[in-house]
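First up is the structure itself, then whatever we jot down about it.
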Amino acid sequence: MSENNNTWLCRNCNTLVSADANICPKCNAERPEECDSTESNKVVVMENYANKDAEKKKKYIFREAVLVNAADILLILGIFLSIGALLSPNFIEYNFVNSTLLSIVATVVIFVISLITWALFRTLAEISRMLRTRNEKE
């Protein structure tokens with residue numbers, strides 16, 4: 001790396017700035033005091049941040065976010081319906097003998113179906129995200 005006395009390195013954005021300028025044109029940072037002397041034997045390390053301006057992609061795109069949110073909503077709805085099925089014999093009179101046993105079975109069935117649905121939707125969203133990232137890398 002060759003040393004150039006006609007420029008200085010902005011510490012804020014790592015841009016090489018002309019020695020005549022006292023302010024970085026990219027980020028408006030002031031020139032550091034160490035750069036004022038031309039007799040510096042310090043090594044300047046430049047890092048390339050070309051990809052810094054590119055936005056990092058979000059973990060999920062719209063269709064994946066819809067699947068994740070739908071899975072969460074269905075799980076919460078399943079939990080509320082399970083609680084309602086469990087408490088229903090206390091508020092509604094049934095004409096059969098084992099209404100408590102039936103409510104317990106209905107609670108377990110509703111909760112298991114909501115958990116399976118939640119897991120399937122979340123898995124579909126994760127598979128979609130993994131396929132998308134694999135296609136972007138190629």
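Naming scheme: A, B, ... for chains in displayed order of the structure tokens; residues 1 onward per chain; ligands 1 onward as shown.
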- Task: Determine, counting only C-alpha atoms, which protein, DNA and RNA residues have an atom within 8 Å of an atom of segment 108-110 of chain A; residues of the same chain fewer than 5 positions away are not included. Present the result as number ranges by chain.
- Result: A: 78, 81-82
Could you name the residues that touch Arg129 of chain A at 10 Å or less, counting only C-alpha atoms, but leaving out those on the same chain fewer than 2 positions away, as a CSV table (one decimal) with C-alpha atoms, in the first residue's frame?
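That gives us part-v8.csv:
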chain,number,residue,atom,x,y,z
A,59,LYS,CA,-35.3,-12.5,7.5
A,60,TYR,CA,-38.8,-13.0,5.9
A,61,ILE,CA,-40.4,-11.5,2.9
A,63,ARG,CA,-45.4,-14.4,1.9
A,64,GLU,CA,-43.2,-15.9,4.6
A,65,ALA,CA,-44.3,-13.2,7.1
A,123,THR,CA,-42.0,-24.9,8.8
A,124,LEU,CA,-43.4,-23.8,5.4
A,125,ALA,CA,-42.2,-20.2,6.0
A,126,GLU,CA,-38.7,-21.4,7.0
A,127,ILE,CA,-38.5,-23.7,4.0
A,131,LEU,CA,-35.0,-21.8,-0.7
A,132,ARG,CA,-35.0,-18.1,-1.4
A,133,THR,CA,-31.6,-17.5,0.3
A,134,ARG,CA,-30.2,-20.5,-1.6
A,135,ASN,CA,-31.4,-19.2,-4.9
With only C-alpha atoms as the counted atoms, please give the residues lying no more than 12 Å from Gly84 of chain A, apart from itself and same-chain residues fewer than 2 positions off, as a CSV table (one decimal) with C-alpha atoms, in the first residue's frame.
chain,number,residue,atom,x,y,z
A,77,LEU,CA,-57.0,-18.9,18.6
A,78,GLY,CA,-56.6,-22.6,19.3
A,79,ILE,CA,-55.5,-21.9,22.9
A,80,PHE,CA,-58.6,-19.8,23.5
A,81,LEU,CA,-60.9,-22.4,21.9
A,82,SER,CA,-59.3,-25.1,24.0
A,86,LEU,CA,-62.7,-27.0,28.8
A,87,LEU,CA,-64.8,-24.5,30.6
A,88,SER,CA,-68.0,-25.1,28.6
A,89,PRO,CA,-69.6,-27.7,30.9
A,90,ASN,CA,-69.6,-25.1,33.7
A,91,PHE,CA,-71.7,-22.6,31.6
A,92,ILE,CA,-73.7,-24.8,29.2
A,103,SER,CA,-65.0,-31.3,27.0
A,104,ILE,CA,-61.5,-32.6,28.1
A,106,ALA,CA,-62.4,-31.7,22.8
A,107,THR,CA,-59.8,-29.5,24.5
A,108,VAL,CA,-57.0,-31.9,23.7
A,110,ILE,CA,-58.4,-28.6,19.5
A,111,PHE,CA,-55.1,-27.8,21.1
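Taking atom CA of Leu75 of chain A as the reference point, atom CA of Ser99 of chain A is found at 25.0 Å.
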- Nearest-residue call for Asn28 of chain A, choices A:Ile76, A:Cys10, A:Ile83, A:Leu101, using only C-alpha atoms: A:Cys10
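Counting only C-alpha atoms, Arg31 of chain A has the following residues at most 12 Å away, ignoring those fewer than 3 positions along the same chain: Thr7, Trp8, Leu9, Cys10, Arg11, Asn12, Cys13, Asn14, Thr15, Leu16, Val17, Ser18, Ala19, Asp20, Ala21, Asn22, Ile23, Cys24, Pro25, Cys27, Asn28, Glu34, Cys35, Asp36 and Ser37 of chain A.
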- Task: Would you work out the distance separating atom CA of Ile116 of chain A from atom CA of Leu67 of chain A, expressed in Å to one decimal?
- Result: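 Between atom CA of Ile116 of chain A and atom CA of Leu67 of chain A the gap is 13.8 Å.
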